[in-house]
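Participant: Pasting protein_14.pdb here (PDB, C-alpha atoms and all ligand atoms):
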MODEL        1
ATOM      1  CA  MET A  23     -13.211   1.339 -13.591  1.00  0.00           C
ATOM      2  CA  MET A  24     -11.291   0.526 -10.430  1.00  0.00           C
ATOM      3  CA  LYS A  25      -8.814   3.220  -9.394  1.00  0.00           C
ATOM      4  CA  ILE A  26      -5.538   1.874  -8.060  1.00  0.00           C
ATOM      5  CA  ALA A  27      -2.853   4.017  -6.413  1.00  0.00           C
ATOM      6  CA  VAL A  28       0.501   2.431  -7.280  1.00  0.00           C
ATOM      7  CA  VAL A  29       3.421   3.005  -4.926  1.00  0.00           C
ATOM      8  CA  VAL A  30       6.741   1.964  -6.464  1.00  0.00           C
ATOM      9  CA  GLY A  31       9.525   1.882  -3.883  1.00  0.00           C
ATOM     10  CA  SER A  32      12.327   2.830  -6.268  1.00  0.00           C
ATOM     11  CA  LEU A  33      13.367   6.222  -7.628  1.00  0.00           C
ATOM     12  CA  ARG A  34      15.821   4.657 -10.111  1.00  0.00           C
ATOM     13  CA  LYS A  35      15.204   5.682 -13.723  1.00  0.00           C
ATOM     14  CA  ASN A  36      15.523   2.147 -15.086  1.00  0.00           C
ATOM     15  CA  SER A  37      13.979   0.497 -12.074  1.00  0.00           C
ATOM     16  CA  TYR A  38      12.979  -3.154 -12.501  1.00  0.00           C
ATOM     17  CA  ASN A  39      10.079  -2.515 -10.167  1.00  0.00           C
ATOM     18  CA  LYS A  40       8.824   0.372 -12.304  1.00  0.00           C
ATOM     19  CA  LYS A  41       9.047  -2.038 -15.234  1.00  0.00           C
ATOM     20  CA  LEU A  42       7.036  -4.636 -13.311  1.00  0.00           C
ATOM     21  CA  ALA A  43       4.434  -2.004 -12.381  1.00  0.00           C
ATOM     22  CA  ARG A  44       4.076  -0.932 -16.033  1.00  0.00           C
ATOM     23  CA  ALA A  45       3.746  -4.571 -17.105  1.00  0.00           C
ATOM     24  CA  LEU A  46       0.990  -5.074 -14.514  1.00  0.00           C
ATOM     25  CA  GLU A  47      -0.715  -1.896 -15.718  1.00  0.00           C
ATOM     26  CA  LYS A  48      -0.803  -3.296 -19.254  1.00  0.00           C
ATOM     27  CA  LEU A  49      -2.224  -6.596 -18.050  1.00  0.00           C
ATOM     28  CA  ALA A  50      -4.866  -4.765 -15.981  1.00  0.00           C
ATOM     29  CA  MET A  51      -5.945  -2.488 -18.820  1.00  0.00           C
ATOM     30  CA  GLY A  52      -9.722  -2.117 -19.089  1.00  0.00           C
ATOM     31  CA  LYS A  53     -10.263  -3.322 -15.503  1.00  0.00           C
ATOM     32  CA  MET A  54      -8.103  -1.035 -13.415  1.00  0.00           C
ATOM     33  CA  SER A  55      -6.641   2.416 -13.946  1.00  0.00           C
ATOM     34  CA  PHE A  56      -3.241   2.973 -12.317  1.00  0.00           C
ATOM     35  CA  THR A  57      -2.142   6.275 -10.738  1.00  0.00           C
ATOM     36  CA  TYR A  58       1.559   6.301  -9.870  1.00  0.00           C
ATOM     37  CA  VAL A  59       1.947   8.244  -6.653  1.00  0.00           C
ATOM     38  CA  ASP A  60       4.915  10.580  -6.551  1.00  0.00           C
ATOM     39  CA  ILE A  61       7.186   9.661  -3.659  1.00  0.00           C
ATOM     40  CA  ALA A  62      10.284  11.359  -5.114  1.00  0.00           C
ATOM     41  CA  SER A  63       9.059  14.886  -4.303  1.00  0.00           C
ATOM     42  CA  LEU A  64       8.401  14.146  -0.648  1.00  0.00           C
ATOM     43  CA  PRO A  65      10.655  15.789   1.920  1.00  0.00           C
ATOM     44  CA  LEU A  66      12.269  13.561   4.520  1.00  0.00           C
ATOM     45  CA  PHE A  67       9.738  12.957   7.241  1.00  0.00           C
ATOM     46  CA  ASN A  68       9.878  15.578   9.955  1.00  0.00           C
ATOM     47  CA  GLN A  69       7.189  15.789  12.579  1.00  0.00           C
ATOM     48  CA  ASP A  70       7.715  19.558  12.810  1.00  0.00           C
ATOM     49  CA  LEU A  71       6.161  19.865   9.334  1.00  0.00           C
ATOM     50  CA  GLU A  72       2.932  18.121  10.300  1.00  0.00           C
ATOM     51  CA  ALA A  73       1.133  21.272  11.404  1.00  0.00           C
ATOM     52  CA  ASP A  74       1.300  22.588   7.830  1.00  0.00           C
ATOM     53  CA  LEU A  75       1.668  19.581   5.527  1.00  0.00           C
ATOM     54  CA  PRO A  76       3.950  20.161   2.493  1.00  0.00           C
ATOM     55  CA  PRO A  77       2.083  20.193  -0.880  1.00  0.00           C
ATOM     56  CA  ALA A  78       3.761  16.925  -2.002  1.00  0.00           C
ATOM     57  CA  VAL A  79       2.379  15.216   1.110  1.00  0.00           C
ATOM     58  CA  MET A  80      -1.129  16.621   0.534  1.00  0.00           C
ATOM     59  CA  LYS A  81      -0.980  15.293  -3.044  1.00  0.00           C
ATOM     60  CA  LEU A  82       0.217  11.876  -1.846  1.00  0.00           C
ATOM     61  CA  LYS A  83      -2.612  11.657   0.687  1.00  0.00           C
ATOM     62  CA  ALA A  84      -5.205  12.792  -1.861  1.00  0.00           C
ATOM     63  CA  ASP A  85      -4.013  10.212  -4.424  1.00  0.00           C
ATOM     64  CA  ILE A  86      -4.299   7.397  -1.896  1.00  0.00           C
ATOM     65  CA  GLU A  87      -7.627   8.540  -0.492  1.00  0.00           C
ATOM     66  CA  SER A  88      -9.217   8.834  -3.944  1.00  0.00           C
ATOM     67  CA  ALA A  89      -8.167   5.290  -4.907  1.00  0.00           C
ATOM     68  CA  ASP A  90     -10.205   2.109  -4.478  1.00  0.00           C
ATOM     69  CA  GLY A  91      -7.059   0.132  -3.674  1.00  0.00           C
ATOM     70  CA  VAL A  92      -3.297   0.411  -3.273  1.00  0.00           C
ATOM     71  CA  LEU A  93      -0.650  -1.640  -5.067  1.00  0.00           C
ATOM     72  CA  PHE A  94       2.846  -1.642  -3.571  1.00  0.00           C
ATOM     73  CA  VAL A  95       5.659  -2.646  -5.930  1.00  0.00           C
ATOM     74  CA  THR A  96       8.846  -2.751  -3.941  1.00  0.00           C
ATOM     75  CA  PRO A  97      12.531  -3.563  -4.270  1.00  0.00           C
ATOM     76  CA  GLU A  98      14.390  -5.100  -1.354  1.00  0.00           C
ATOM     77  CA  TYR A  99      17.177  -3.092   0.305  1.00  0.00           C
ATOM     78  CA  ASN A 100      19.247  -4.866   2.925  1.00  0.00           C
ATOM     79  CA  ARG A 101      16.462  -7.361   3.513  1.00  0.00           C
ATOM     80  CA  SER A 102      13.850  -4.665   4.124  1.00  0.00           C
ATOM     81  CA  ILE A 103      11.924  -1.978   2.269  1.00  0.00           C
ATOM     82  CA  PRO A 104      13.770   1.032   0.797  1.00  0.00           C
ATOM     83  CA  GLY A 105      13.891   4.175   2.941  1.00  0.00           C
ATOM     84  CA  VAL A 106      12.036   6.183   0.271  1.00  0.00           C
ATOM     85  CA  LEU A 107       9.054   3.844   0.573  1.00  0.00           C
ATOM     86  CA  LYS A 108       9.055   3.996   4.374  1.00  0.00           C
ATOM     87  CA  ASN A 109       9.240   7.781   4.129  1.00  0.00           C
ATOM     88  CA  ALA A 110       6.080   7.816   1.953  1.00  0.00           C
ATOM     89  CA  ILE A 111       4.309   5.377   4.270  1.00  0.00           C
ATOM     90  CA  ASP A 112       5.111   7.513   7.305  1.00  0.00           C
ATOM     91  CA  TRP A 113       3.975  10.750   5.649  1.00  0.00           C
ATOM     92  CA  ALA A 114       0.625   9.364   4.472  1.00  0.00           C
ATOM     93  CA  SER A 115      -0.013   7.880   7.919  1.00  0.00           C
ATOM     94  CA  ARG A 116       0.003  11.363   9.491  1.00  0.00           C
ATOM     95  CA  PRO A 117      -1.274  13.495  11.163  1.00  0.00           C
ATOM     96  CA  TYR A 118      -2.015  11.146  14.015  1.00  0.00           C
ATOM     97  CA  GLY A 119      -5.466   9.599  13.626  1.00  0.00           C
ATOM     98  CA  GLN A 120      -5.810  10.805   9.990  1.00  0.00           C
ATOM     99  CA  SER A 121      -3.957   8.048   8.173  1.00  0.00           C
ATOM    100  CA  SER A 122      -4.717   7.809   4.451  1.00  0.00           C
ATOM    101  CA  TRP A 123      -3.966   4.066   4.456  1.00  0.00           C
ATOM    102  CA  ALA A 124      -6.524   2.813   6.975  1.00  0.00           C
ATOM    103  CA  GLY A 125      -9.109   0.432   5.535  1.00  0.00           C
ATOM    104  CA  ARG A 126      -7.802   0.671   1.970  1.00  0.00           C
ATOM    105  CA  PRO A 127      -7.446  -2.770   0.327  1.00  0.00           C
ATOM    106  CA  ALA A 128      -3.884  -3.445  -0.812  1.00  0.00           C
ATOM    107  CA  ALA A 129      -1.623  -5.902  -2.572  1.00  0.00           C
ATOM    108  CA  ILE A 130       2.147  -6.243  -2.468  1.00  0.00           C
ATOM    109  CA  CYS A 131       4.600  -7.434  -5.106  1.00  0.00           C
ATOM    110  CA  GLY A 132       8.191  -6.831  -6.099  1.00  0.00           C
ATOM    111  CA  THR A 133      11.211  -7.937  -8.047  1.00  0.00           C
ATOM    112  CA  SER A 134      14.963  -8.064  -7.584  1.00  0.00           C
ATOM    113  CA  PRO A 135      17.789  -9.939  -9.284  1.00  0.00           C
ATOM    114  CA  GLY A 136      18.222 -11.875  -6.022  1.00  0.00           C
ATOM    115  CA  ALA A 137      17.041 -15.470  -5.751  1.00  0.00           C
ATOM    116  CA  ILE A 138      14.268 -14.752  -3.252  1.00  0.00           C
ATOM    117  CA  GLY A 139      12.902 -11.805  -5.254  1.00  0.00           C
ATOM    118  CA  THR A 140      12.096  -9.299  -2.434  1.00  0.00           C
ATOM    119  CA  ALA A 141      10.425 -11.880  -0.161  1.00  0.00           C
ATOM    120  CA  VAL A 142      11.907 -10.453   3.040  1.00  0.00           C
ATOM    121  CA  ALA A 143      11.122  -6.838   2.144  1.00  0.00           C
ATOM    122  CA  GLN A 144       7.552  -7.849   1.341  1.00  0.00           C
ATOM    123  CA  MET A 145       7.193  -9.563   4.705  1.00  0.00           C
ATOM    124  CA  HIS A 146       8.274  -6.361   6.436  1.00  0.00           C
ATOM    125  CA  LEU A 147       5.873  -4.314   4.326  1.00  0.00           C
ATOM    126  CA  ARG A 148       3.025  -6.755   4.955  1.00  0.00           C
ATOM    127  CA  SER A 149       3.584  -6.459   8.669  1.00  0.00           C
ATOM    128  CA  ILE A 150       3.505  -2.635   8.515  1.00  0.00           C
ATOM    129  CA  ALA A 151       0.484  -2.448   6.185  1.00  0.00           C
ATOM    130  CA  SER A 152      -1.785  -5.070   7.675  1.00  0.00           C
ATOM    131  CA  GLY A 153      -0.695  -4.271  11.222  1.00  0.00           C
ATOM    132  CA  PHE A 154      -0.514  -0.697  12.373  1.00  0.00           C
ATOM    133  CA  LEU A 155      -1.725   0.830   9.077  1.00  0.00           C
ATOM    134  CA  ASP A 156      -4.901  -1.281   9.282  1.00  0.00           C
ATOM    135  CA  MET A 157      -5.001  -2.145   5.560  1.00  0.00           C
ATOM    136  CA  PRO A 158      -6.615  -5.375   4.383  1.00  0.00           C
ATOM    137  CA  VAL A 159      -3.714  -6.905   2.404  1.00  0.00           C
ATOM    138  CA  LEU A 160      -4.252  -9.642  -0.196  1.00  0.00           C
ATOM    139  CA  GLY A 161      -2.679 -12.862   1.101  1.00  0.00           C
ATOM    140  CA  GLN A 162      -2.281 -14.965  -2.049  1.00  0.00           C
ATOM    141  CA  PRO A 163      -0.724 -15.265  -4.524  1.00  0.00           C
ATOM    142  CA  GLU A 164       2.601 -13.937  -3.278  1.00  0.00           C
ATOM    143  CA  ILE A 165       4.623 -12.312  -6.042  1.00  0.00           C
ATOM    144  CA  TYR A 166       8.359 -12.761  -5.544  1.00  0.00           C
ATOM    145  CA  ILE A 167       9.957 -12.259  -8.939  1.00  0.00           C
ATOM    146  CA  THR A 168      13.624 -12.934  -9.568  1.00  0.00           C
ATOM    147  CA  TYR A 169      14.192 -10.287 -12.229  1.00  0.00           C
ATOM    148  CA  LYS A 170      15.370 -11.435 -15.653  1.00  0.00           C
ATOM    149  CA  ASP A 171      15.605  -9.121 -18.677  1.00  0.00           C
ATOM    150  CA  GLU A 172      14.069 -11.774 -20.904  1.00  0.00           C
ATOM    151  CA  TYR A 173      10.757 -11.669 -18.986  1.00  0.00           C
ATOM    152  CA  PHE A 174       9.888  -8.268 -20.530  1.00  0.00           C
ATOM    153  CA  ASP A 175      10.120  -6.725 -23.993  1.00  0.00           C
ATOM    154  CA  ALA A 176      11.034  -3.083 -24.746  1.00  0.00           C
ATOM    155  CA  ASP A 177       7.357  -2.035 -24.453  1.00  0.00           C
ATOM    156  CA  GLN A 178       6.997  -3.544 -20.988  1.00  0.00           C
ATOM    157  CA  ASN A 179       4.965  -6.502 -22.118  1.00  0.00           C
ATOM    158  CA  VAL A 180       5.557  -9.739 -20.242  1.00  0.00           C
ATOM    159  CA  VAL A 181       6.909 -12.104 -22.874  1.00  0.00           C
ATOM    160  CA  ASN A 182       7.357 -15.153 -20.696  1.00  0.00           C
ATOM    161  CA  ASP A 183       4.048 -17.082 -20.859  1.00  0.00           C
ATOM    162  CA  ALA A 184       4.230 -18.608 -17.394  1.00  0.00           C
ATOM    163  CA  THR A 185       5.096 -15.254 -15.794  1.00  0.00           C
ATOM    164  CA  ARG A 186       2.294 -13.480 -17.667  1.00  0.00           C
ATOM    165  CA  LYS A 187      -0.263 -16.083 -16.539  1.00  0.00           C
ATOM    166  CA  PHE A 188       0.992 -15.838 -12.970  1.00  0.00           C
ATOM    167  CA  LEU A 189       0.772 -12.022 -12.951  1.00  0.00           C
ATOM    168  CA  GLN A 190      -2.661 -12.083 -14.588  1.00  0.00           C
ATOM    169  CA  GLY A 191      -3.893 -14.414 -11.856  1.00  0.00           C
ATOM    170  CA  PHE A 192      -2.508 -12.036  -9.233  1.00  0.00           C
ATOM    171  CA  LEU A 193      -4.300  -9.061 -10.821  1.00  0.00           C
ATOM    172  CA  ASP A 194      -7.583 -10.972 -11.049  1.00  0.00           C
ATOM    173  CA  LYS A 195      -7.383 -11.835  -7.364  1.00  0.00           C
ATOM    174  CA  PHE A 196      -6.480  -8.260  -6.484  1.00  0.00           C
ATOM    175  CA  ALA A 197      -9.431  -6.910  -8.523  1.00  0.00           C
ATOM    176  CA  SER A 198     -11.789  -9.272  -6.659  1.00  0.00           C
ATOM    177  CA  TRP A 199     -10.234  -8.224  -3.356  1.00  0.00           C
ATOM    178  CA  VAL A 200     -10.781  -4.519  -4.073  1.00  0.00           C
ATOM    179  CA  ALA A 201     -14.335  -5.204  -5.335  1.00  0.00           C
ATOM    180  CA  LEU A 202     -15.119  -7.193  -2.203  1.00  0.00           C
ATOM    181  CA  HIS A 203     -14.192  -4.249  -0.011  1.00  0.00           C
ATOM    182  CA  ALA A 204     -16.068  -1.789  -2.223  1.00  0.00           C
ATOM    183  CA  ALA A 205     -19.135  -4.064  -2.023  1.00  0.00           C
ATOM    184  CA  ALA A 206     -18.852  -4.202   1.765  1.00  0.00           C
ATOM    185  CA  CYS A 207     -18.919  -0.393   1.805  1.00  0.00           C
ATOM    186  CA  ARG A 208     -21.989  -0.330  -0.477  1.00  0.00           C
ATOM    187  CA  CYS A 209     -23.905  -3.036   1.445  1.00  0.00           C
ATOM    188  CA  ALA A 210     -23.221  -1.373   4.759  1.00  0.00           C
ATOM    189  CA  PRO A 211     -23.222   2.342   3.924  1.00  0.00           C
ATOM    190  CA  ARG A 212     -21.718   3.180   7.291  1.00  0.00           C
ATOM    191  CA  TYR A 213     -19.004   0.514   6.971  1.00  0.00           C
ATOM    192  CA  SER A 214     -16.189   2.779   5.837  1.00  0.00           C
ATOM    193  CA  ARG A 215     -17.176   5.535   8.309  1.00  0.00           C
ATOM    194  CA  LEU A 216     -17.329   2.903  11.038  1.00  0.00           C
ATOM    195  CA  ARG A 217     -13.918   1.513  10.074  1.00  0.00           C
ATOM    196  CA  ARG A 218     -12.440   4.997  10.128  1.00  0.00           C
ATOM    197  CA  ASN A 219     -14.084   5.700  13.496  1.00  0.00           C
ATOM    198  CA  ILE A 220     -12.767   2.453  14.899  1.00  0.00           C
ATOM    199  CA  SER A 221      -9.338   3.217  13.518  1.00  0.00           C
ATOM    200  CA  GLN A 222      -9.338   6.776  14.870  1.00  0.00           C
ATOM    201  CA  GLY A 223     -10.993   5.577  18.057  1.00  0.00           C
ATOM    202  CA  SER A 224      -8.275   3.023  18.633  1.00  0.00           C
ATOM    203  CA  ALA A 225      -5.695   5.720  17.963  1.00  0.00           C
ATOM    204  CA  ARG A 226      -7.402   7.890  20.576  1.00  0.00           C
ATOM    205  CA  LEU A 227      -7.731   4.903  22.887  1.00  0.00           C
ATOM    206  CA  TYR A 228      -4.035   4.209  22.529  1.00  0.00           C
ATOM    207  CA  ARG A 229      -3.250   7.812  23.430  1.00  0.00           C
ATOM    208  CA  HIS A 230      -5.664   7.739  26.355  1.00  0.00           C
ATOM    209  CA  THR A 231      -4.276   4.526  27.795  1.00  0.00           C
ATOM    210  CA  THR A 232      -1.068   6.393  28.529  1.00  0.00           C
ATOM    211  CA  GLU A 233      -3.016   8.967  30.567  1.00  0.00           C
ATOM    212  CA  PRO A 234      -6.167   7.218  31.938  1.00  0.00           C
ATOM    213  CA  ARG A 235      -9.468   9.099  31.458  1.00  0.00           C
ATOM    214  CA  PHE A 236     -13.167   8.239  31.638  1.00  0.00           C
ATOM    215  CA  TYR A 237     -14.820   6.471  28.709  1.00  0.00           C
ATOM    216  CA  LYS A 238     -18.359   6.930  27.421  1.00  0.00           C
ATOM    217  CA  ARG A 239     -20.501   3.932  26.582  1.00  0.00           C
ATOM    218  CA  ARG A 240     -21.557   4.181  22.938  1.00  0.00           C
ATOM    219  CA  ARG A 241     -23.854   1.942  20.908  1.00  0.00           C
ATOM    220  CA  ILE A 242     -22.331   0.792  17.586  1.00  0.00           C
ATOM    221  CA  CYS A 243     -24.237  -1.693  15.398  1.00  0.00           C
ATOM    222  CA  GLY A 244     -26.215  -2.802  18.439  1.00  0.00           C
ATOM    223  CA  PHE A 245     -23.149  -3.381  20.603  1.00  0.00           C
ATOM    224  CA  PHE A 246     -22.155  -1.230  23.511  1.00  0.00           C
ATOM    225  CA  CYS A 247     -18.519  -0.168  23.270  1.00  0.00           C
ATOM    226  CA  LEU A 248     -16.243   1.918  25.400  1.00  0.00           C
ATOM    227  CA  TRP A 249     -15.408   5.171  23.610  1.00  0.00           C
ATOM    228  CA  PRO A 250     -12.892   7.760  24.696  1.00  0.00           C
ATOM    229  CA  ALA A 251     -14.680  10.739  26.271  1.00  0.00           C
TER     230      ALA A 251
HETATM  231  C1  LIG B 301      21.179  -0.317  -0.785  1.00  0.00           C
HETATM  232  C2  LIG B 301      20.838  -1.583  -1.550  1.00  0.00           C
HETATM  233  C3  LIG B 301      20.542  -2.740  -0.852  1.00  0.00           C
HETATM  234  C4  LIG B 301      20.143  -3.890  -1.540  1.00  0.00           C
HETATM  235  N1  LIG B 301      19.762  -4.995  -0.841  1.00  0.00           N
HETATM  236  C5  LIG B 301      19.198  -6.040  -1.487  1.00  0.00           C
HETATM  237  C6  LIG B 301      18.595  -7.109  -0.757  1.00  0.00           C
HETATM  238  O1  LIG B 301      18.565  -7.131   0.460  1.00  0.00           O
HETATM  239  N2  LIG B 301      18.011  -8.119  -1.465  1.00  0.00           N
HETATM  240  C7  LIG B 301      18.002  -8.115  -2.839  1.00  0.00           C
HETATM  241  O2  LIG B 301      17.459  -9.054  -3.428  1.00  0.00           O
HETATM  242  N3  LIG B 301      18.581  -7.120  -3.549  1.00  0.00           N
HETATM  243  C8  LIG B 301      19.158  -6.079  -2.911  1.00  0.00           C
HETATM  244  N4  LIG B 301      19.697  -5.033  -3.620  1.00  0.00           N
HETATM  245  C9  LIG B 301      19.714  -5.097  -5.077  1.00  0.00           C
HETATM  246  C10 LIG B 301      18.392  -4.570  -5.638  1.00  0.00           C
HETATM  247  O3  LIG B 301      17.489  -5.651  -5.690  1.00  0.00           O
HETATM  248  C11 LIG B 301      18.627  -4.015  -7.039  1.00  0.00           C
HETATM  249  O4  LIG B 301      19.438  -2.872  -6.949  1.00  0.00           O
HETATM  250  C12 LIG B 301      17.331  -3.694  -7.737  1.00  0.00           C
HETATM  251  O5  LIG B 301      17.634  -3.347  -9.051  1.00  0.00           O
HETATM  252  C13 LIG B 301      16.589  -2.555  -7.055  1.00  0.00           C
HETATM  253  O6  LIG B 301      15.297  -2.407  -7.585  1.00  0.00           O
HETATM  254  P1  LIG B 301      14.958  -1.362  -8.750  1.00  0.00           P
HETATM  255  O7  LIG B 301      15.615  -1.905 -10.015  1.00  0.00           O
HETATM  256  O8  LIG B 301      13.475  -1.357  -8.859  1.00  0.00           O
HETATM  257  O9  LIG B 301      15.527  -0.019  -8.376  1.00  0.00           O
HETATM  258  C14 LIG B 301      20.108  -3.881  -2.952  1.00  0.00           C
HETATM  259  C15 LIG B 301      20.450  -2.716  -3.637  1.00  0.00           C
HETATM  260  C16 LIG B 301      20.791  -1.582  -2.963  1.00  0.00           C
HETATM  261  C17 LIG B 301      21.090  -0.298  -3.719  1.00  0.00           C
ENDMDL
END
Kindly transcribe the structure held in the file into structure tokens.
Ligand SMILES: Cc1cc2nc3c(=O)[nH]c(=O)nc-3n(C[C@H](O)[C@H](O)[C@H](O)COP(=O)(O)O)c2cc1C

Facilitator:
Amino acid sequence: MMKIAVVVGSLRKNSYNKKLARALEKLAMGKMSFTYVDIASLPLFNQDLEADLPPAVMKLKADIESADGVLFVTPEYNRSIPGVLKNAIDWASRPYGQSSWAGRPAAICGTSPGAIGTAVAQMHLRSIASGFLDMPVLGQPEIYITYKDEYFDADQNVVNDATRKFLQGFLDKFASWVALHAAACRCAPRYSRLRRNISQGSARLYRHTTEPRFYKRRRICGFFCLWPA
């Protein structure tokens, strides 16, 4: 069964986004198993703590790295993502060159009572995830849900037929997306190592461009590339 690390960007007990995540978990039952990563126990990001990562950060990184894919379920705060979510993203992206996010297939969704249902926050998150974090993020369908109590029952089932169908379609696409990336790793056994090397290499390259050094020529998949010495 596919293992999905679920990152909910709200610490609120009765969070609508937690409710949405639970509803998705029910719809995905039998296909995907959800692990809710704990972002509440994380300290505020402090680069001084990187040398000896706090246990909550180690657990966060392990949960992400052991998953086949990542599902972000986020509220919108002031037209962006909540600080607690950014804090978790920053922690799991460290130490430099050892990001837990890189190459992991992801999907983004969210709900708020507002008319545009977290659309702006999701755009910010998409830019962070598919940009610097180097995650392949599912493009469609986009899930902007204007929260309404009547969409869910007390057991977190989606009672509105159209919403349930829509969310089921999203999960099916996400499952295919995760499977596609898993298949790429199987077909090309060195694919994930290569991706990580490229990711770490580009991190090193970035560092080296600020203090020019010599580069070695290295052959990767038949192509000669410049590699930091
Ligand atoms: C600091 C703060 C900023 C907010 N900004 C937005 C916003 O920009 N857009 C929006 O649709 N809702 C906004 N809201 C309302 C949230 O969508 C609402 O509180 C929602 O319930 C939060 O998600 P949750 O239920 O999963 O905790 C904001 C709420 C807070 C506390």

Participant: At a cut-off of 8 Å and counting only C-alpha atoms and all ligand atoms, what residues surround ligand LIG 301 (chain B)? Please answer as a count of residues only.

Facilitator: 30

Participant: Select from stretch 101-216 of chain A every residue with an atom at most 12 Å from any atom of stretch 61-76 of chain A, then for each give the shortest pair of atoms and their distance in Å to one decimal, using only C-alpha atoms, rows by chain and rising number, as a Markdown table.

Facilitator:
| residue | atom | partner | partner_atom | distance |
| --- | --- | --- | --- | --- |
| A:Pro104 | CA | A:Ile61 | CA | 11.7 |
| A:Gly105 | CA | A:Leu66 | CA | 9.7 |
| A:Val106 | CA | A:Ile61 | CA | 7.1 |
| A:Leu107 | CA | A:Ile61 | CA | 7.4 |
| A:Lys108 | CA | A:Phe67 | CA | 9.4 |
| A:Asn109 | CA | A:Phe67 | CA | 6.1 |
| A:Ala110 | CA | A:Ile61 | CA | 6.0 |
| A:Ile111 | CA | A:Ile61 | CA | 9.5 |
| A:Asp112 | CA | A:Phe67 | CA | 7.1 |
| A:Trp113 | CA | A:Phe67 | CA | 6.4 |
| A:Ala114 | CA | A:Phe67 | CA | 10.2 |
| A:Ser115 | CA | A:Glu72 | CA | 10.9 |
| A:Arg116 | CA | A:Glu72 | CA | 7.4 |
| A:Pro117 | CA | A:Glu72 | CA | 6.3 |
| A:Tyr118 | CA | A:Glu72 | CA | 9.3 |
| A:Gln120 | CA | A:Glu72 | CA | 11.4 |

Participant: By how many Å are atom CA of A:Ala45 and atom CA of A:Val180 apart?

Facilitator: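 So the two atoms, atom CA of A:Ala45 and atom CA of A:Val180, lie 6.3 Å apart.
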
Participant: Name the residues in contact with stretch 81-92 of chain A at a cut-off of 8 Å, using only C-alpha atoms, excluding same-chain residues fewer than 6 positions from it; report them as a list in words.

Facilitator: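 Using only C-alpha atoms, the neighbours found are Met24, Lys25, Ile26, Ala27, Val28, Val29, Thr57, Val59, Asp60, Ile61, Ala114, Ser122, Trp123, Arg126, Pro127, Ala128, Ala129, Val200 and Ala204 of chain A.
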
Participant: Please enumerate the residues selected by the PyMOL selection byres (((chain A and resi 189) around 10) and not hetatm) when evaluated against the supplied file, formatted as a PyMOL selection string.

Facilitator: chain A and resi 42+45-46+49-50+131+163+165+180+183-188+190-195

Participant: Write the residues of the preceding selection, restricted to C-alpha atoms, as a PDB file, in the coordinates of the input.

Facilitator:
ATOM      1  CA  LEU A  42       7.036  -4.636 -13.311  1.00  0.00           C
ATOM      2  CA  ALA A  45       3.746  -4.571 -17.105  1.00  0.00           C
ATOM      3  CA  LEU A  46       0.990  -5.074 -14.514  1.00  0.00           C
ATOM      4  CA  LEU A  49      -2.224  -6.596 -18.050  1.00  0.00           C
ATOM      5  CA  ALA A  50      -4.866  -4.765 -15.981  1.00  0.00           C
ATOM      6  CA  CYS A 131       4.600  -7.434  -5.106  1.00  0.00           C
ATOM      7  CA  PRO A 163      -0.724 -15.265  -4.524  1.00  0.00           C
ATOM      8  CA  ILE A 165       4.623 -12.312  -6.042  1.00  0.00           C
ATOM      9  CA  VAL A 180       5.557  -9.739 -20.242  1.00  0.00           C
ATOM     10  CA  ASP A 183       4.048 -17.082 -20.859  1.00  0.00           C
ATOM     11  CA  ALA A 184       4.230 -18.608 -17.394  1.00  0.00           C
ATOM     12  CA  THR A 185       5.096 -15.254 -15.794  1.00  0.00           C
ATOM     13  CA  ARG A 186       2.294 -13.480 -17.667  1.00  0.00           C
ATOM     14  CA  LYS A 187      -0.263 -16.083 -16.539  1.00  0.00           C
ATOM     15  CA  PHE A 188       0.992 -15.838 -12.970  1.00  0.00           C
ATOM     16  CA  GLN A 190      -2.661 -12.083 -14.588  1.00  0.00           C
ATOM     17  CA  GLY A 191      -3.893 -14.414 -11.856  1.00  0.00           C
ATOM     18  CA  PHE A 192      -2.508 -12.036  -9.233  1.00  0.00           C
ATOM     19  CA  LEU A 193      -4.300  -9.061 -10.821  1.00  0.00           C
ATOM     20  CA  ASP A 194      -7.583 -10.972 -11.049  1.00  0.00           C
ATOM     21  CA  LYS A 195      -7.383 -11.835  -7.364  1.00  0.00           C
TER      22      LYS A 195
END

Participant: So how many Å separate atom CA of A:Tyr166 and atom CA of A:Lys48, to one decimal?

Facilitator: 19.0 Å

Participant: Would you mind reading off the distance between atom CA of A:Leu155 and atom CA of A:Gly119, one decimal, in Å?

Facilitator: 10.6 Å

Participant: How about completing stretch 23-28 of chain A with N, CA and C atoms and giving it to me as a short mmCIF file (atom, residue, chain, number, x, y, z; two decimals), in the coordinates of the input?

Facilitator:
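Result file result19.cif:
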data_model
loop_
_atom_site.label_atom_id
_atom_site.label_comp_id
_atom_site.auth_asym_id
_atom_site.auth_seq_id
_atom_site.Cartn_x
_atom_site.Cartn_y
_atom_site.Cartn_z
N MET A 23 -14.47 2.10 -13.64
CA MET A 23 -13.21 1.34 -13.59
C MET A 23 -12.55 1.53 -12.21
N MET A 24 -11.95 0.47 -11.73
CA MET A 24 -11.29 0.53 -10.43
C MET A 24 -10.07 1.44 -10.45
N LYS A 25 -9.97 2.32 -9.44
CA LYS A 25 -8.81 3.22 -9.39
C LYS A 25 -7.78 2.68 -8.40
N ILE A 26 -6.59 2.44 -8.91
CA ILE A 26 -5.54 1.87 -8.06
C ILE A 26 -4.39 2.88 -7.91
N ALA A 27 -4.04 3.19 -6.67
CA ALA A 27 -2.85 4.02 -6.41
C ALA A 27 -1.65 3.08 -6.35
N VAL A 28 -0.67 3.32 -7.22
CA VAL A 28 0.50 2.43 -7.28
C VAL A 28 1.69 3.13 -6.61
#
